[in-house]
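Undergrad: Please find coords.cif (mmCIF, C-alpha atoms) on the next line:
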```cif
data_protein
loop_
_atom_site.label_atom_id
_atom_site.label_comp_id
_atom_site.auth_asym_id
_atom_site.auth_seq_id
_atom_site.Cartn_x
_atom_site.Cartn_y
_atom_site.Cartn_z
CA MET A 250 0.00 0.00 0.00
CA LYS A 251 2.80 2.44 0.92
CA VAL A 252 4.66 1.53 -2.27
CA LYS A 253 1.52 2.25 -4.30
CA MET A 254 1.06 5.61 -2.62
CA ALA A 255 4.67 6.58 -3.24
CA ILE A 256 4.34 5.75 -6.92
CA ILE A 257 1.10 7.69 -7.32
CA ALA A 258 2.41 10.68 -5.36
CA ALA A 259 5.46 10.84 -7.61
CA VAL A 260 3.42 10.51 -10.79
CA LEU A 261 0.87 13.12 -9.69
CA ALA A 262 3.63 15.54 -8.75
CA ALA A 263 5.36 15.03 -12.07
CA ALA A 264 2.10 15.39 -13.98
CA VAL A 265 1.37 18.80 -12.50
CA CYS A 266 4.61 20.07 -14.05
CA ALA A 267 4.49 17.94 -17.19
CA PRO A 268 3.14 19.22 -20.53
CA ALA A 269 -0.37 18.07 -21.49
CA SER A 270 1.09 15.88 -24.24
CA ALA A 271 3.16 13.78 -21.83
CA VAL A 272 2.67 10.06 -22.40
CA LEU A 273 1.98 8.08 -19.23
CA PRO A 274 1.41 4.37 -18.58
CA ASP A 275 -2.19 3.40 -19.33
CA ALA A 276 -2.63 -0.21 -18.21
CA ARG A 277 -6.26 -0.94 -17.31
CA GLY A 278 -8.38 -3.93 -16.38
CA PRO A 279 -9.90 -5.89 -13.50
CA ASN A 280 -7.62 -7.11 -10.74
CA ALA A 281 -8.13 -10.34 -8.81
CA ALA A 282 -10.12 -8.58 -6.08
CA VAL A 283 -12.92 -7.68 -8.52
CA ALA A 284 -12.73 -10.62 -10.92
CA ALA A 285 -16.21 -11.78 -9.86
CA GLU A 286 -17.74 -8.33 -10.37
CA ASN A 287 -16.37 -8.23 -13.91
CA SER A 288 -17.84 -11.54 -15.05
CA PRO A 289 -21.11 -11.63 -13.08
CA GLU A 290 -24.26 -13.59 -13.77
CA MET A 291 -26.72 -11.03 -15.13
CA LYS A 292 -30.51 -10.75 -15.14
CA GLU A 293 -32.69 -8.57 -17.33
CA ILE A 294 -34.75 -6.02 -15.42
CA LEU A 295 -36.23 -3.92 -18.23
CA ARG A 296 -36.07 -2.82 -21.84
CA ILE A 297 -36.15 0.69 -23.28
CA ARG A 298 -37.47 1.19 -26.84
CA VAL A 299 -37.02 4.48 -28.69
CA GLU A 300 -38.35 5.41 -32.14
CA ASN A 301 -35.86 7.82 -33.72
CA ALA A 302 -38.41 10.17 -35.26
CA ALA A 303 -40.13 13.37 -34.21
CA GLY A 304 -43.16 12.24 -32.22
CA GLY A 305 -41.73 8.72 -31.92
CA ALA A 306 -42.50 6.71 -28.80
CA VAL A 307 -40.18 6.15 -25.86
CA GLU A 308 -41.40 3.02 -24.09
CA VAL A 309 -40.36 0.69 -21.27
CA SER A 310 -41.04 -3.03 -20.88
CA GLU A 311 -40.66 -4.92 -17.60
CA ASP A 312 -41.55 -8.34 -19.04
CA GLY A 313 -38.98 -8.92 -21.76
CA GLY A 314 -40.91 -7.05 -24.44
CA ALA A 315 -44.28 -8.77 -24.02
CA SER A 316 -45.90 -5.44 -23.10
CA TRP A 317 -44.84 -1.81 -23.17
CA THR A 318 -45.56 1.31 -21.12
CA ALA A 319 -45.21 4.84 -22.50
CA ALA A 320 -42.37 6.86 -20.96
CA GLY A 321 -42.34 9.82 -23.33
CA LYS A 322 -41.95 11.05 -26.90
CA VAL A 323 -39.08 12.02 -29.18
CA LEU A 324 -38.89 15.75 -29.93
CA LEU A 325 -35.89 15.67 -32.24
CA ALA A 326 -34.33 12.70 -34.04
CA ALA A 327 -30.61 12.02 -34.46
CA GLY A 328 -29.11 11.64 -37.92
CA THR A 329 -25.42 11.16 -37.27
CA ILE A 330 -22.86 10.06 -34.69
CA ASN A 331 -20.20 12.10 -32.94
CA PRO A 332 -16.95 10.48 -34.13
CA ARG A 333 -14.85 11.74 -31.21
CA ALA A 334 -16.66 11.83 -27.89
CA TYR A 335 -15.36 12.47 -24.37
CA THR A 336 -12.10 10.69 -23.39
CA ALA A 337 -13.65 8.07 -21.10
CA SER A 338 -15.84 6.76 -23.94
CA GLY A 339 -12.70 5.01 -25.14
CA TRP A 340 -12.97 2.56 -22.23
CA ALA A 341 -16.59 1.59 -22.91
CA ALA A 342 -17.77 -1.43 -24.88
CA SER A 343 -19.01 -0.82 -28.41
CA GLY A 344 -22.70 -1.39 -29.08
CA ALA A 345 -23.62 -0.53 -25.50
CA VAL A 346 -24.45 2.27 -23.09
CA ALA A 347 -21.23 4.15 -22.35
CA ALA A 348 -22.65 6.67 -19.84
CA THR A 349 -25.82 6.92 -17.78
CA ALA A 350 -26.87 10.15 -16.07
CA VAL A 351 -29.77 12.32 -14.98
CA ASN A 352 -29.03 14.57 -17.95
CA ALA A 353 -27.90 12.16 -20.72
CA ILE A 354 -27.42 8.60 -21.94
CA HIS A 355 -24.49 8.10 -24.31
CA ILE A 356 -24.35 5.05 -26.59
CA LYS A 357 -21.05 3.92 -28.08
CA VAL A 358 -21.09 2.66 -31.66
CA LYS A 359 -17.38 1.94 -32.16
CA GLN A 360 -13.86 2.83 -31.08
CA ASN A 361 -12.23 5.70 -32.96
CA GLU A 362 -8.52 5.76 -32.11
CA ASP A 363 -8.35 6.73 -28.42
CA ARG A 364 -12.08 7.34 -27.80
CA GLY A 365 -15.55 6.34 -28.83
CA ALA A 366 -17.91 7.36 -31.61
CA VAL A 367 -21.27 7.90 -29.92
CA PHE A 368 -24.82 9.15 -30.19
CA SER A 369 -26.98 10.24 -27.28
CA LEU A 370 -30.41 10.29 -25.70
CA LEU A 371 -31.22 13.58 -23.97
CA PRO A 372 -34.03 14.94 -21.79
CA LYS A 373 -36.27 17.80 -22.88
CA ASP A 374 -34.11 20.28 -20.96
CA PHE A 375 -31.61 20.10 -23.85
CA PHE A 376 -33.96 21.02 -26.68
CA THR A 377 -32.55 24.45 -25.82
CA PRO A 378 -29.33 23.62 -23.95
CA PRO A 379 -28.27 25.66 -20.91
CA ALA A 380 -25.93 28.55 -21.68
CA ASP A 381 -22.21 27.74 -21.38
CA TYR A 382 -22.95 24.05 -20.81
CA LYS A 383 -19.65 22.35 -19.96
CA SER A 384 -20.53 18.64 -20.09
CA PHE A 385 -20.33 16.63 -23.32
CA TYR A 386 -23.10 17.71 -25.72
CA SER A 387 -23.62 17.13 -29.44
CA ARG A 388 -26.95 18.31 -30.89
CA ASN A 389 -26.90 16.57 -34.29
CA SER A 390 -26.02 13.18 -32.82
CA SER A 391 -28.67 13.38 -30.07
CA ILE A 392 -32.20 12.06 -29.81
CA ILE A 393 -33.95 14.68 -27.70
CA THR A 394 -37.01 13.48 -25.79
CA ASN A 395 -39.80 15.19 -23.84
CA ILE A 396 -38.77 13.34 -20.67
CA PRO A 397 -37.51 15.74 -17.98
CA ALA A 398 -33.96 15.39 -16.62
CA GLY A 399 -33.93 13.39 -13.41
CA GLY A 400 -36.93 11.20 -14.35
CA SER A 401 -37.70 7.86 -16.02
CA ILE A 402 -34.73 6.78 -18.17
CA PHE A 403 -32.77 9.84 -16.99
CA GLY A 404 -32.32 9.18 -13.28
CA GLY A 405 -35.55 7.34 -12.59
CA ALA A 406 -36.20 3.64 -12.04
CA GLU A 407 -35.85 3.02 -15.79
CA SER A 408 -32.23 4.21 -16.04
CA PRO A 409 -29.76 1.87 -17.77
CA PHE A 410 -26.35 0.73 -16.52
CA ILE A 411 -22.96 1.17 -18.17
CA GLY A 412 -22.68 -1.81 -20.52
CA SER A 413 -26.41 -2.22 -21.21
CA ARG A 414 -26.63 -3.70 -24.72
CA VAL A 415 -28.10 -1.58 -27.53
CA LEU A 416 -29.82 -3.01 -30.61
CA ALA A 417 -31.24 -1.22 -33.65
CA ALA A 418 -33.78 -1.94 -36.38
CA ARG A 419 -34.58 -0.23 -39.65
CA ALA A 420 -38.23 -0.15 -40.76
CA GLY A 421 -39.63 -3.65 -41.19
CA SER A 422 -36.58 -5.45 -39.80
CA ALA A 423 -35.84 -7.11 -36.48
CA HIS A 424 -33.61 -5.58 -33.81
CA SER A 425 -29.98 -6.65 -33.99
CA PRO A 426 -26.76 -5.55 -32.27
CA ILE A 427 -25.40 -2.21 -33.47
CA ALA A 428 -22.69 -2.70 -36.09
CA GLU A 429 -19.59 -0.52 -36.24
CA ASP A 430 -20.88 1.22 -39.38
CA TYR A 431 -24.20 2.10 -37.75
CA VAL A 432 -25.49 5.65 -38.07
CA PRO A 433 -28.94 6.47 -36.63
CA ALA A 434 -31.51 7.29 -39.32
CA GLU A 435 -35.02 8.72 -39.21
CA GLY A 436 -37.47 5.96 -38.30
CA ASP A 437 -34.96 3.61 -36.70
CA SER A 438 -36.08 1.72 -33.61
CA LEU A 439 -33.54 1.43 -30.78
CA LEU A 440 -33.71 -1.16 -28.03
CA ILE A 441 -31.68 -0.94 -24.80
CA VAL A 442 -31.62 -4.18 -22.79
CA VAL A 443 -31.00 -3.27 -19.14
CA GLU A 444 -29.48 -6.03 -17.02
CA ARG A 445 -27.99 -6.05 -13.53
CA PRO A 446 -25.76 -8.50 -11.67
CA VAL A 447 -27.71 -11.21 -9.83
CA LYS A 448 -25.33 -10.91 -6.88
CA TYR A 449 -25.71 -7.31 -5.87
CA PRO A 450 -24.00 -5.34 -3.07
CA SER A 451 -25.62 -3.42 -0.26
CA GLU A 452 -22.92 -0.74 -0.03
CA ILE A 453 -19.47 0.52 -0.98
CA VAL A 454 -17.48 2.51 1.60
CA PHE A 455 -14.57 4.87 0.84
CA GLU A 456 -12.13 5.89 3.57
CA ASN A 457 -11.59 9.50 2.57
CA ARG A 458 -7.84 9.73 3.17
CA PHE A 459 -4.63 9.00 1.29
CA GLY A 460 -4.35 5.21 1.14
CA GLY A 461 -7.89 4.77 2.47
CA PHE A 462 -9.58 1.42 1.85
CA ILE A 463 -12.48 1.00 -0.58
CA LEU A 464 -14.70 -1.82 0.68
CA ILE A 465 -17.68 -3.51 -0.94
CA LYS A 466 -20.28 -5.27 1.21
CA TYR A 467 -22.69 -7.98 0.06
CA PRO A 468 -25.61 -9.05 2.25
CA GLY A 469 -24.52 -11.80 4.63
CA GLU A 470 -20.81 -11.46 3.77
CA GLU A 471 -17.82 -9.69 5.27
CA PRO A 472 -16.65 -6.49 3.53
CA LYS A 473 -14.19 -7.05 0.67
CA LEU A 474 -11.29 -4.75 -0.25
CA ILE A 475 -11.63 -3.66 -3.89
CA GLY A 476 -9.39 -0.59 -4.08
CA GLN A 477 -7.80 2.34 -2.34
CA VAL A 478 -8.14 6.11 -2.27
CA LEU A 479 -5.12 7.74 -3.89
CA LYS A 480 -6.35 11.32 -3.46
CA PRO A 481 -9.18 12.16 -1.04
CA VAL A 482 -11.94 14.61 -1.88
CA ALA A 483 -12.09 17.82 0.17
CA GLY A 484 -14.17 20.22 -1.91
CA VAL A 485 -17.26 20.67 -4.05
CA GLY A 486 -17.39 21.94 -7.63
CA ARG A 487 -19.87 23.12 -10.23
CA PHE A 488 -20.69 19.90 -12.09
CA GLU A 489 -23.47 20.80 -14.50
CA GLY A 490 -25.83 17.85 -14.21
CA SER A 491 -26.17 18.19 -10.44
CA LEU A 492 -28.80 20.82 -11.29
CA TYR A 493 -31.24 17.98 -11.91
CA THR A 494 -30.84 15.83 -8.81
CA ASP A 495 -30.75 16.12 -5.03
CA VAL A 496 -28.14 16.07 -2.27
CA GLY A 497 -26.40 12.71 -1.85
CA ARG A 498 -27.58 11.23 -5.14
CA ILE A 499 -25.71 9.72 -8.08
CA ARG A 500 -25.66 12.31 -10.86
CA ALA A 501 -23.78 10.25 -13.45
CA ASN A 502 -21.75 7.11 -13.99
CA HIS A 503 -19.50 6.30 -16.93
CA THR A 504 -16.33 4.29 -17.46
CA GLY A 505 -14.23 7.04 -15.88
CA VAL A 506 -16.45 8.69 -13.27
CA VAL A 507 -18.97 8.43 -10.48
CA CYS A 508 -20.46 11.91 -9.99
CA VAL A 509 -22.25 12.67 -6.70
CA SER A 510 -24.51 15.69 -6.18
CA THR A 511 -24.19 17.78 -3.03
CA SER A 512 -26.76 20.38 -4.11
CA PRO A 513 -30.57 20.38 -4.08
CA VAL A 514 -32.55 20.23 -7.33
CA GLY A 515 -32.20 23.54 -9.15
CA GLU A 516 -28.72 24.28 -7.82
CA ILE A 517 -25.26 23.08 -8.92
CA GLY A 518 -22.70 21.37 -6.70
CA GLY A 519 -21.02 17.99 -6.36
CA PHE A 520 -17.83 15.93 -6.47
CA GLN A 521 -16.45 13.15 -8.63
CA ILE A 522 -14.72 9.81 -8.08
CA ILE A 523 -12.33 8.95 -10.92
CA PRO A 524 -9.75 6.20 -11.58
CA GLU A 525 -6.05 6.99 -11.50
CA ASN A 526 -5.13 6.84 -15.19
CA HIS A 527 -8.12 9.00 -16.16
CA ALA A 528 -6.83 11.51 -13.60
CA MET A 529 -3.64 11.66 -15.65
CA SER A 530 -5.37 12.47 -18.97
CA ALA A 531 -4.88 15.96 -20.40
CA GLU A 532 -8.51 17.00 -19.96
CA MET A 533 -8.44 16.08 -16.26
CA GLU A 534 -5.61 18.36 -15.14
CA ASN A 535 -7.95 20.06 -12.66
CA ALA A 536 -8.50 16.71 -10.94
CA ARG A 537 -4.80 16.71 -10.06
CA LEU A 538 -4.83 20.29 -8.83
CA LEU A 539 -8.23 20.91 -7.22
CA THR A 540 -10.10 19.33 -4.34
CA GLN A 541 -13.41 18.35 -6.00
CA TRP A 542 -12.14 14.99 -7.21
CA MET A 543 -11.40 11.75 -5.38
CA VAL A 544 -8.86 9.62 -7.28
CA VAL A 545 -9.08 5.86 -6.73
CA GLY A 546 -6.96 2.88 -7.67
CA PRO A 547 -6.78 -0.90 -7.26
CA PRO A 548 -5.55 -2.58 -4.04
CA GLY A 549 -2.04 -3.44 -5.24
CA ALA A 550 0.84 -1.41 -6.67
CA ALA A 551 1.18 -3.71 -9.69
CA ASP A 552 -2.55 -3.88 -10.44
CA PRO A 553 -3.91 -2.07 -13.51
CA SER A 554 -6.05 1.06 -13.26
CA LEU A 555 -9.84 0.85 -12.92
CA GLU A 556 -11.21 2.60 -16.03
CA GLY A 557 -14.23 0.67 -17.27
CA VAL A 558 -13.90 -1.83 -14.41
CA ALA A 559 -16.79 -3.00 -12.23
CA PRO A 560 -18.15 -2.33 -9.69
CA LEU A 561 -17.41 1.41 -9.80
CA PHE A 562 -17.24 2.00 -13.54
CA ARG A 563 -19.40 -0.72 -15.12
CA HIS A 564 -22.49 -2.89 -14.45
CA PHE A 565 -23.41 -1.86 -10.88
CA ILE A 566 -24.23 1.85 -10.54
CA ARG A 567 -26.95 3.94 -12.17
CA PRO A 568 -28.46 7.33 -11.28
CA VAL A 569 -31.71 6.08 -9.75
CA ASN A 570 -33.00 8.79 -7.46
CA PHE A 571 -36.33 9.58 -5.88
CA LYS A 572 -38.28 12.80 -5.97
CA SER A 573 -40.46 13.88 -3.10
CA GLY A 574 -44.13 14.32 -4.03
CA PRO A 575 -46.88 16.12 -2.12
CA GLN A 576 -46.71 13.50 0.64
CA GLY A 577 -42.92 13.18 0.56
CA LYS A 578 -40.95 10.20 -0.72
CA THR A 579 -42.45 6.74 -0.47
CA LEU A 580 -40.64 3.87 1.23
CA GLU A 581 -40.53 2.04 -2.09
CA GLN A 582 -38.82 5.01 -3.72
CA ALA A 583 -36.29 5.35 -0.91
CA LEU A 584 -35.41 1.66 -0.85
CA GLY A 585 -35.03 1.57 -4.64
CA ALA A 586 -32.62 4.52 -4.86
CA PHE A 587 -28.87 4.98 -4.61
CA ILE A 588 -28.05 7.14 -1.58
CA VAL A 589 -24.62 8.58 -0.72
CA GLN A 590 -23.88 9.34 2.93
CA ALA A 591 -20.95 10.74 4.88
CA ARG A 592 -19.22 10.47 8.24
CA ILE A 593 -17.94 13.80 9.56
CA GLY A 594 -14.87 13.61 11.77
CA GLY A 595 -15.30 9.87 12.18
CA GLY A 596 -18.81 10.26 13.61
CA GLU A 597 -22.03 8.46 12.75
CA TRP A 598 -23.31 8.09 9.20
CA THR A 599 -25.34 11.11 8.18
CA ARG A 600 -26.72 12.81 5.10
CA MET A 601 -24.18 14.14 2.63
CA PRO A 602 -23.52 17.83 3.40
CA SER A 603 -25.63 20.17 1.28
CA VAL A 604 -23.27 22.48 -0.59
CA SER A 605 -23.85 24.41 -3.83
CA GLY A 606 -21.38 26.20 -6.06
CA ARG A 607 -17.63 25.82 -5.63
CA ASP A 608 -16.21 25.39 -2.15
CA ASP A 609 -12.70 23.95 -1.98
CA LYS A 610 -12.98 22.94 1.68
CA ALA A 611 -16.64 21.93 2.01
CA LEU A 612 -15.83 18.23 2.55
CA LYS A 613 -12.49 18.54 4.35
CA ASP A 614 -13.91 17.00 7.54
CA VAL A 615 -15.58 14.06 5.77
CA THR A 616 -13.68 10.95 6.85
CA HIS A 617 -15.82 8.30 5.12
CA ILE A 618 -18.24 8.18 2.19
CA ARG A 619 -20.81 5.41 1.82
CA MET A 620 -22.77 4.54 -1.31
CA LEU A 621 -25.93 2.63 -0.38
CA PHE A 622 -27.31 0.40 -3.13
CA PRO A 623 -31.03 -0.28 -3.66
CA VAL A 624 -32.60 -2.57 -1.04
CA GLU A 625 -35.67 -3.28 -3.14
CA TRP A 626 -36.16 -3.26 -6.90
CA LYS A 627 -39.13 -2.07 -8.86
CA HIS A 628 -38.21 -4.58 -11.56
#
```
Take the structure in this file and express it as structure tokens.

TA:
Amino acid sequence: MKVKMAIIAAVLAAAVCAPASAVLPDARGPNAAVAAENSPEMKEILRIRVENAAGGAVEVSEDGGASWTAAGKVLLAAGTINPRAYTASGWAASGAVAATAVNAIHIKVKQNEDRGAVFSLLPKDFFTPPADYKSFYSRNSSIITNIPAGGSIFGGAESPFIGSRVLAARAGSAHSPIAEDYVPAEGDSLLIVVERPVKYPSEIVFENRFGGFILIKYPGEEPKLIGQVLKPVAGVGRFEGSLYTDVGRIRANHTGVVCVSTSPVGEIGGFQIIPENHAMSAEMENARLLTQWMVVGPPGAADPSLEGVAPLFRHFIRPVNFKSGPQGKTLEQALGAFIVQARIGGGEWTRMPSVSGRDDKALKDVTHIRMLFPVEWKH
């Protein structure tokens, strides 16, 4: 552990001074500690069907496609792909969901050199995108729906996971896996098959300190070490999509990030958990300099980095939140959501601190962070 920390400290220090074009080691993949999480038995929980046409249906099936329930409509169809998406798309599987969030779903078609070629599903909030929007956004390669951000397939119980398979069909044909030459066309039908691991954890705990343990807990089992914290989080930053979800909720998950909101709906604030090699990429220089990012790595010094590796960056996490109605949240909603908690100064578990905007020291007294997984499933 100390050897690992020394290596990372040296690399991080060098990277701060190194030019953006510096080439660094980029070994990735599952280590022995998470071998089971990266080849799990899976079960289908739902399907999402989208007609890529203005007025086309967005539907959800909970019975393998035997029946369908309306979730929304398409406002604007996509007619192309974005050939060079965000960096972390390069670690996603082709023909599958590469990112799932309250404000977007990105689907990877193929690998294009160091990153993916993708198209997206977006909520109605992006028919007219927010001014100076800083997250990945590509209008022409996006299917824009009338579903609000934070609901249904965008942060509701119908959200997909990273790795959910995507199939497509042209008019009159059957759905089949997306080929590498696929480009969405008017009238196409898309099908996202959402599966989850049969063996599912109850929580993941991060010791928020240099060299802190990352432990996963399954019901009826002892906690298992799956990684370590290489740089603790101490601050909160202005991560755009946190506008659409509440304090202590998962805002987004892709192959290089878990984004947690610390702000109430309508305000912006949160922090991110990212793997070590992604922290070294040119676009992530701020993660090496600022306090709003936790950098994580595998348990051992010789183990590869965790980009695209379950359980943090594939298969297990999705932005399922609950929204309080007139009578408050229901027990079913609460038990079916992902909830992120904190321990302050080593005390009892409590709600994640509510902080909006940028505050470089907002989380400096947080000693532990706990991600609670759903206790009950709607599907």

Undergrad: Under the PyMOL selection byres ((chain A and resi 606-611) around 9), which residues of this model are included? Write them out as number ranges by chain.

TA: A: 483-488, 512, 516-519, 539-541, 602, 604-605, 612-615

Undergrad: Could you list, as a short mmCIF file (atom, residue, chain, number, x, y, z; two decimals) with C-alpha atoms, in the frame of the given file, every residue matched by the PyMOL selection byres ((chain A and resi 480) around 10) in this structure?

TA:
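Contents of the output file expr-v1.cif:
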```
data_model
loop_
_atom_site.label_atom_id
_atom_site.label_comp_id
_atom_site.auth_asym_id
_atom_site.auth_seq_id
_atom_site.Cartn_x
_atom_site.Cartn_y
_atom_site.Cartn_z
CA MET A 254 1.06 5.61 -2.62
CA ILE A 257 1.10 7.69 -7.32
CA ALA A 258 2.41 10.68 -5.36
CA LEU A 261 0.87 13.12 -9.69
CA ASN A 457 -11.59 9.50 2.57
CA ARG A 458 -7.84 9.73 3.17
CA PHE A 459 -4.63 9.00 1.29
CA GLY A 460 -4.35 5.21 1.14
CA GLY A 461 -7.89 4.77 2.47
CA GLN A 477 -7.80 2.34 -2.34
CA VAL A 478 -8.14 6.11 -2.27
CA LEU A 479 -5.12 7.74 -3.89
CA PRO A 481 -9.18 12.16 -1.04
CA VAL A 482 -11.94 14.61 -1.88
CA ALA A 483 -12.09 17.82 0.17
CA ILE A 522 -14.72 9.81 -8.08
CA ILE A 523 -12.33 8.95 -10.92
CA GLU A 525 -6.05 6.99 -11.50
CA ALA A 536 -8.50 16.71 -10.94
CA ARG A 537 -4.80 16.71 -10.06
CA THR A 540 -10.10 19.33 -4.34
CA TRP A 542 -12.14 14.99 -7.21
CA MET A 543 -11.40 11.75 -5.38
CA VAL A 544 -8.86 9.62 -7.28
CA VAL A 545 -9.08 5.86 -6.73
CA GLY A 546 -6.96 2.88 -7.67
#
```

Undergrad: Set the distance at 6 Å and use all atoms listed in the file: which residues neighbour Leu439 (chain A) once local chain neighbours fewer than 5 positions away are removed? I'd like the list as a list of chain:residue names.

TA: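 Contacts, with the query itself left out: A:Arg298, A:Val299, A:Leu416, A:Ala417.
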
Undergrad: Counting only C-alpha atoms, which residue out of A:Gly404, A:Pro623, A:Gly313, A:Pro289 sits closest to Pro468 (chain A)?

TA: A:Pro623

Undergrad: Have a look at A:Val358, A:Ile453, A:Ala337, A:Val432 and name the one nearest to Met529 (chain A); count all atoms listed in the file.

TA: A:Ala337

Undergrad: One decimal, in Å: what's the spacing between CA of Ser391 (chain A) and CA of Trp340 (chain A)?

TA: 20.6 Å
